[in-house]
>>> print(open('my_file-v9.tsv').read())   # TSV, C-alpha atoms
chain	number	residue	atom	x	y	z
A	1	MET	CA	-7.84	-90.77	-91.52
A	2	LYS	CA	-5.73	-93.90	-91.81
A	3	ASN	CA	-3.46	-93.34	-94.84
A	4	PHE	CA	-1.63	-90.09	-95.53
A	5	VAL	CA	1.75	-88.42	-95.75
A	6	ALA	CA	2.42	-85.52	-93.37
A	7	ILE	CA	4.80	-82.92	-94.76
A	8	ASP	CA	6.52	-79.80	-93.52
A	9	PHE	CA	8.91	-77.36	-95.18
A	10	GLU	CA	11.18	-74.72	-93.74
A	11	THR	CA	12.24	-71.84	-95.98
A	12	ALA	CA	15.44	-69.80	-96.12
A	13	ASN	CA	13.83	-66.48	-96.98
A	14	GLY	CA	10.52	-64.91	-97.98
A	15	ARG	CA	10.39	-66.75	-101.31
A	16	ARG	CA	8.27	-69.89	-101.15
A	17	SER	CA	10.70	-71.65	-103.49
A	18	SER	CA	13.49	-71.28	-100.93
A	19	VAL	CA	12.80	-74.56	-99.16
A	20	CYS	CA	15.84	-75.43	-97.06
A	21	SER	CA	14.53	-78.54	-95.31
A	22	VAL	CA	11.69	-81.02	-95.62
A	23	GLY	CA	10.21	-83.50	-93.18
A	24	ILE	CA	7.87	-86.27	-94.28
A	25	VAL	CA	6.03	-88.82	-92.13
A	26	VAL	CA	4.23	-91.74	-93.79
A	27	VAL	CA	1.11	-93.05	-92.04
A	28	LYS	CA	-0.51	-96.30	-93.16
A	29	GLY	CA	-3.39	-97.95	-91.38
A	30	GLY	CA	-3.24	-95.22	-88.75
A	31	GLU	CA	0.38	-96.06	-87.81
A	32	ILE	CA	3.55	-94.17	-88.57
A	33	VAL	CA	5.50	-96.53	-90.80
A	34	ASP	CA	8.26	-94.36	-92.26
A	35	SER	CA	9.82	-90.91	-92.22
A	36	PHE	CA	12.18	-88.83	-94.31
A	37	TYR	CA	14.20	-85.71	-93.57
A	38	SER	CA	16.66	-83.74	-95.64
A	39	LEU	CA	18.32	-80.39	-95.78
A	40	ILE	CA	18.01	-78.70	-99.17
A	41	LYS	CA	20.19	-76.08	-100.84
A	42	PRO	CA	17.59	-73.33	-101.25
A	43	THR	CA	16.71	-71.39	-104.36
A	44	PRO	CA	17.27	-68.51	-104.19
A	45	ASN	CA	20.22	-69.35	-102.00
A	46	TYR	CA	20.24	-66.75	-99.26
A	47	TYR	CA	18.91	-66.67	-95.70
A	48	ALA	CA	16.73	-63.97	-94.18
A	49	ILE	CA	17.49	-63.31	-90.54
A	50	PHE	CA	13.82	-63.80	-89.61
A	51	CYS	CA	13.81	-67.30	-91.09
A	52	GLN	CA	17.09	-68.18	-89.41
A	53	GLU	CA	15.65	-67.08	-86.07
A	54	VAL	CA	12.63	-69.33	-86.60
A	55	HIS	CA	14.36	-72.60	-87.55
A	56	GLY	CA	18.03	-72.02	-86.80
A	57	LEU	CA	19.30	-73.06	-90.22
A	58	SER	CA	21.86	-71.06	-92.19
A	59	ALA	CA	23.86	-71.27	-95.39
A	60	ALA	CA	26.54	-73.16	-93.48
A	61	ASP	CA	23.98	-75.94	-92.95
A	62	THR	CA	22.80	-76.17	-96.54
A	63	ASP	CA	25.66	-75.08	-98.80
A	64	SER	CA	26.64	-78.71	-99.42
A	65	ALA	CA	23.05	-80.03	-99.28
A	66	PRO	CA	21.46	-81.49	-102.43
A	67	LEU	CA	19.16	-79.42	-104.62
A	68	PHE	CA	15.41	-79.90	-104.40
A	69	PRO	CA	14.96	-82.19	-107.44
A	70	GLU	CA	17.35	-84.77	-105.95
A	71	VAL	CA	15.78	-84.53	-102.49
A	72	TRP	CA	12.27	-84.87	-103.93
A	73	ARG	CA	13.25	-87.89	-106.00
A	74	ARG	CA	14.63	-89.62	-102.90
A	75	ALA	CA	11.64	-88.61	-100.76
A	76	MET	CA	9.08	-89.86	-103.27
A	77	ALA	CA	11.01	-93.11	-103.79
A	78	GLN	CA	10.78	-93.69	-100.05
A	79	VAL	CA	7.07	-92.77	-99.88
A	80	SER	CA	6.38	-95.02	-102.87
A	81	ARG	CA	7.67	-98.04	-100.97
A	82	THR	CA	4.56	-97.68	-98.79
A	83	PHE	CA	2.20	-96.12	-101.33
A	84	PRO	CA	3.14	-97.18	-104.89
A	85	CYS	CA	2.36	-94.53	-107.51
A	86	PHE	CA	1.84	-92.05	-104.67
A	87	ALA	CA	0.88	-89.08	-106.84
A	88	ASP	CA	-1.94	-91.12	-108.42
A	89	SER	CA	-2.90	-93.14	-105.34
A	90	GLY	CA	-5.38	-90.72	-103.81
A	91	VAL	CA	-3.38	-90.72	-100.58
A	92	PRO	CA	-3.15	-87.07	-99.50
A	93	PHE	CA	-0.42	-84.90	-98.12
A	94	VAL	CA	-1.35	-83.40	-94.78
A	95	ALA	CA	0.20	-80.17	-93.51
A	96	HIS	CA	-0.61	-77.99	-90.54
A	97	ASN	CA	-0.81	-74.89	-92.71
A	98	LYS	CA	-1.50	-76.37	-96.11
A	99	ALA	CA	-1.58	-72.94	-97.76
A	100	PHE	CA	2.09	-72.47	-96.88
A	101	ASP	CA	3.44	-75.97	-97.49
A	102	GLU	CA	1.49	-76.56	-100.70
A	103	SER	CA	2.56	-73.17	-102.06
A	104	CYS	CA	6.20	-73.98	-101.21
A	105	LEU	CA	5.95	-77.26	-103.09
A	106	ARG	CA	4.34	-75.62	-106.12
A	107	ALA	CA	6.88	-72.77	-106.11
A	108	VAL	CA	9.93	-75.00	-105.92
A	109	PHE	CA	8.53	-77.27	-108.65
A	110	GLN	CA	8.07	-74.16	-110.82
A	111	SER	CA	11.53	-72.85	-109.95
A	112	TYR	CA	13.09	-76.07	-111.24
A	113	GLN	CA	10.65	-76.34	-114.17
A	114	MET	CA	9.37	-79.68	-112.91
A	115	ASP	CA	5.92	-80.99	-113.83
A	116	TYR	CA	3.72	-80.67	-110.76
A	117	PRO	CA	1.43	-83.64	-110.07
A	118	GLU	CA	-1.86	-82.41	-108.69
A	119	TYR	CA	-1.23	-83.63	-105.16
A	120	THR	CA	-4.15	-83.59	-102.75
A	121	PHE	CA	-3.47	-81.57	-99.58
A	122	LEU	CA	-5.45	-81.56	-96.34
A	123	CYS	CA	-4.93	-79.05	-93.54
A	124	THR	CA	-4.78	-79.90	-89.85
A	125	CYS	CA	-4.98	-76.20	-88.92
A	126	ILE	CA	-8.36	-75.87	-90.64
A	127	ALA	CA	-9.44	-79.17	-89.09
A	128	SER	CA	-8.32	-77.91	-85.68
A	129	ARG	CA	-10.48	-74.80	-85.97
A	130	ARG	CA	-13.51	-76.99	-86.72
A	131	HIS	CA	-12.69	-79.61	-84.10
A	132	PHE	CA	-11.55	-77.46	-81.18
A	133	GLY	CA	-13.10	-74.08	-82.00
A	134	ARG	CA	-12.39	-71.70	-79.13
A	135	THR	CA	-11.64	-74.42	-76.57
A	136	ILE	CA	-7.89	-73.92	-77.10
A	137	PRO	CA	-6.07	-70.56	-77.01
A	138	ASN	CA	-4.86	-70.71	-80.63
A	139	HIS	CA	-4.43	-73.15	-83.47
A	140	GLN	CA	-0.65	-73.10	-83.76
A	141	LEU	CA	1.02	-76.44	-84.34
A	142	HIS	CA	2.45	-76.83	-80.84
A	143	THR	CA	-0.88	-75.88	-79.21
A	144	VAL	CA	-2.97	-78.24	-81.32
A	145	SER	CA	-0.53	-81.13	-80.99
A	146	ALA	CA	-0.61	-80.72	-77.18
A	147	ALA	CA	-4.43	-80.72	-77.27
A	148	CYS	CA	-4.17	-84.02	-79.17
A	149	GLY	CA	-1.82	-85.51	-76.58
A	150	TYR	CA	1.49	-84.97	-78.39
A	151	ILE	CA	4.15	-82.68	-76.97
A	152	LEU	CA	6.07	-81.10	-79.84
A	153	GLN	CA	9.76	-80.77	-79.13
A	154	ASN	CA	12.18	-79.09	-81.52
A	155	HIS	CA	9.44	-76.95	-83.11
A	156	HIS	CA	10.38	-75.65	-86.59
A	157	HIS	CA	12.51	-78.66	-87.36
A	158	ALA	CA	10.76	-79.98	-90.47
A	159	LEU	CA	10.64	-83.61	-89.34
A	160	ALA	CA	9.49	-82.77	-85.81
A	161	ASP	CA	6.73	-80.57	-87.23
A	162	ALA	CA	5.68	-83.29	-89.70
A	163	GLU	CA	5.49	-85.79	-86.82
A	164	ALA	CA	3.27	-83.41	-84.82
A	165	CYS	CA	1.09	-82.90	-87.89
A	166	ALA	CA	0.78	-86.66	-88.35
A	167	TRP	CA	-0.27	-87.06	-84.73
A	168	ILE	CA	-2.92	-84.33	-85.11
A	169	ALA	CA	-4.24	-85.82	-88.34
A	170	ARG	CA	-4.60	-89.26	-86.76
A	171	GLU	CA	-6.58	-87.71	-83.90
A	172	ILE	CA	-8.92	-85.24	-85.61
A	173	LEU	CA	-9.12	-85.87	-89.37
>>> encode(input="my_file-v9.tsv", output="structure tokens")
Amino acid sequence: MKNFVAIDFETANGRRSSVCSVGIVVVKGGEIVDSFYSLIKPTPNYYAIFCQEVHGLSAADTDSAPLFPEVWRRAMAQVSRTFPCFADSGVPFVAHNKAFDESCLRAVFQSYQMDYPEYTFLCTCIASRRHFGRTIPNHQLHTVSAACGYILQNHHHALADAEACAWIAREIL
């Protein structure tokens, strides 16, 4: 896997549309060439204690953050500098738990009544299960990234998690 965009979302509550941060890492020719991070004012705009305990974000962090449509416009403009017409380019998104991140993206697009391009998503967690099987204790992001030679620091920060995902994808996809 030489060309892809790793992505990670954090959510404010149990609703998938409540994305409160996004991290994106652009990989071209097997090299990380760009990255993007932003806080997002979530919708619905409230924080569940469980989510706060996971990523440490709160309303105080995102009350003045831009809404998702503005963040997504800026993120895709940045990605498109490397991959013009990204949505139609065939370059996939890669996430460590694609079921979660893809469902967040679909939900927030629906919440804002935005047309969803049929993005291609690949999953490094699924790839890890095939690649490593039972040779590692679990297939959590920090465990898999360590098995691939990358020590994840600041776990559950969207950009740090996207960087770990990019490292995994370069190694095993």
>>> closest_residue(input="my_file-v9.tsv", among="A:Lys41, A:His55, A:His139, A:Arg106", to="Glu10 of chain A", atoms="only C-alpha atoms")
A:His55
>>> residues_near_point(input="my_file-v9.tsv", point="(12.9, -70.4, -86.7)", cutoff="9 Å", atoms="all atoms listed in the file", output="PyMOL selection string")
chain A and resi 10+50-57+155-157
>>> atom_distance(input="my_file-v9.tsv", atom1="atom CA of Ile136 of chain A", atom2="atom CA of Asn154 of chain A")
21.2 Å
>>> atom_distance(input="my_file-v9.tsv", atom1="atom CA of Glu70 of chain A", atom2="atom CA of Leu39 of chain A")
11.1 Å
>>> residues_around(input="my_file-v9.tsv", residues="Arg74 of chain A", least_positions_apart="3", cutoff="12 Å", atoms="all atoms listed in the file", output="PyMOL selection string")
chain A and resi 22+24+35-38+66-71+77-81
>>> atom_distance(input="my_file-v9.tsv", atom1="atom CA of Ala166 of chain A", atom2="atom CA of Val94 of chain A")
7.5 Å
>>> closest_residue(input="my_file-v9.tsv", among="A:Ser17, A:Ser128, A:Asn97, A:Thr11", to="Val144 of chain A", atoms="only C-alpha atoms")
A:Ser128
>>> residues_near_point(input="my_file-v9.tsv", point="(2.0, -77.6, -84.8)", cutoff="9 Å", atoms="only C-alpha atoms", output="MDAnalysis selection string")
chainID A and resid 96:97 124:125 139:146 152 155:156 161:162 164:165 168
>>> residues_around(input="my_file-v9.tsv", residues="Tyr119 of chain A", least_positions_apart="4", cutoff="9 Å", atoms="only C-alpha atoms", output="NGL selection string")
:A and (86-88 or 90-93 or 102)
>>> residues_around(input="my_file-v9.tsv", residues="Lys28 of chain A", least_positions_apart="3", cutoff="9 Å", atoms="all atoms listed in the file", output="list in words")
Lys2, Asn3, Phe4, Val5, Glu31, Ile32, Val33, Thr82 and Phe83 of chain A
>>> residues_around(input="my_file-v9.tsv", residues="Asp101 of chain A", least_positions_apart="6", cutoff="9 Å", atoms="all atoms listed in the file", output="short mmCIF file (atom, residue, chain, number, x, y, z; two decimals) with C-alpha atoms, in the coordinates of the input")
data_model
loop_
_atom_site.label_atom_id
_atom_site.label_comp_id
_atom_site.auth_asym_id
_atom_site.auth_seq_id
_atom_site.Cartn_x
_atom_site.Cartn_y
_atom_site.Cartn_z
CA ILE A 7 4.80 -82.92 -94.76
CA ASP A 8 6.52 -79.80 -93.52
CA PHE A 9 8.91 -77.36 -95.18
CA GLU A 10 11.18 -74.72 -93.74
CA ARG A 16 8.27 -69.89 -101.15
CA ALA A 95 0.20 -80.17 -93.51
#
>>> decode(input="my_file-v9.tsv", residues="segment 146-164 of chain A", atoms="N, CA, C and O atoms", output="CSV table (one decimal), in the first residue's frame")
chain,number,residue,atom,x,y,z
A,146,ALA,N,2.8,-1.1,17.8
A,146,ALA,CA,4.1,-1.5,18.4
A,146,ALA,C,4.6,-2.7,17.7
A,146,ALA,O,5.8,-2.8,17.5
A,147,ALA,N,3.8,-3.7,17.3
A,147,ALA,CA,4.2,-4.8,16.6
A,147,ALA,C,4.8,-4.5,15.2
A,147,ALA,O,5.6,-5.2,14.6
A,148,CYS,N,4.4,-3.3,14.7
A,148,CYS,CA,4.9,-2.8,13.4
A,148,CYS,C,6.1,-1.9,13.6
A,148,CYS,O,6.5,-1.3,12.6
A,149,GLY,N,6.5,-1.7,14.8
A,149,GLY,CA,7.7,-0.9,15.1
A,149,GLY,C,7.4,0.6,15.4
A,149,GLY,O,8.3,1.4,15.4
A,150,TYR,N,6.2,0.9,15.7
A,150,TYR,CA,5.8,2.3,15.9
A,150,TYR,C,5.2,2.4,17.3
A,150,TYR,O,4.2,1.7,17.6
A,151,ILE,N,5.8,3.2,18.2
A,151,ILE,CA,5.3,3.4,19.5
A,151,ILE,C,4.3,4.5,19.5
A,151,ILE,O,4.7,5.7,19.3
A,152,LEU,N,3.1,4.2,19.8
A,152,LEU,CA,2.0,5.2,19.8
A,152,LEU,C,2.0,6.0,21.1
A,152,LEU,O,1.9,5.4,22.2
A,153,GLN,N,2.2,7.3,21.0
A,153,GLN,CA,2.1,8.1,22.2
A,153,GLN,C,0.9,9.0,22.0
A,153,GLN,O,0.5,9.3,20.9
A,154,ASN,N,0.3,9.4,23.1
A,154,ASN,CA,-0.9,10.3,23.0
A,154,ASN,C,-2.1,9.6,22.4
A,154,ASN,O,-2.8,10.1,21.6
A,155,HIS,N,-2.2,8.3,22.7
A,155,HIS,CA,-3.3,7.5,22.2
A,155,HIS,C,-4.7,8.2,22.5
A,155,HIS,O,-4.9,8.8,23.5
A,156,HIS,N,-5.6,8.1,21.5
A,156,HIS,CA,-6.9,8.8,21.5
A,156,HIS,C,-6.8,10.2,21.2
A,156,HIS,O,-7.8,10.9,21.3
A,157,HIS,N,-5.7,10.7,20.7
A,157,HIS,CA,-5.6,12.0,20.0
A,157,HIS,C,-5.8,11.7,18.6
A,157,HIS,O,-5.0,10.8,18.1
A,158,ALA,N,-6.7,12.3,17.9
A,158,ALA,CA,-7.1,11.9,16.5
A,158,ALA,C,-5.8,11.8,15.6
A,158,ALA,O,-5.7,10.9,14.8
A,159,LEU,N,-5.0,12.8,15.7
A,159,LEU,CA,-3.8,12.9,14.8
A,159,LEU,C,-2.8,11.8,15.1
A,159,LEU,O,-2.3,11.1,14.2
A,160,ALA,N,-2.6,11.6,16.4
A,160,ALA,CA,-1.6,10.5,16.8
A,160,ALA,C,-2.1,9.2,16.4
A,160,ALA,O,-1.4,8.3,15.9
A,161,ASP,N,-3.4,8.9,16.5
A,161,ASP,CA,-4.0,7.6,16.1
A,161,ASP,C,-4.0,7.5,14.6
A,161,ASP,O,-3.7,6.4,14.1
A,162,ALA,N,-4.2,8.5,13.9
A,162,ALA,CA,-4.1,8.5,12.4
A,162,ALA,C,-2.7,8.2,12.0
A,162,ALA,O,-2.4,7.4,11.0
A,163,GLU,N,-1.7,8.8,12.7
A,163,GLU,CA,-0.3,8.5,12.4
A,163,GLU,C,0.1,7.0,12.6
A,163,GLU,O,0.8,6.4,11.8
A,164,ALA,N,-0.4,6.5,13.7
A,164,ALA,CA,-0.2,5.1,14.0
A,164,ALA,C,-0.8,4.2,13.0
A,164,ALA,O,-0.2,3.2,12.5
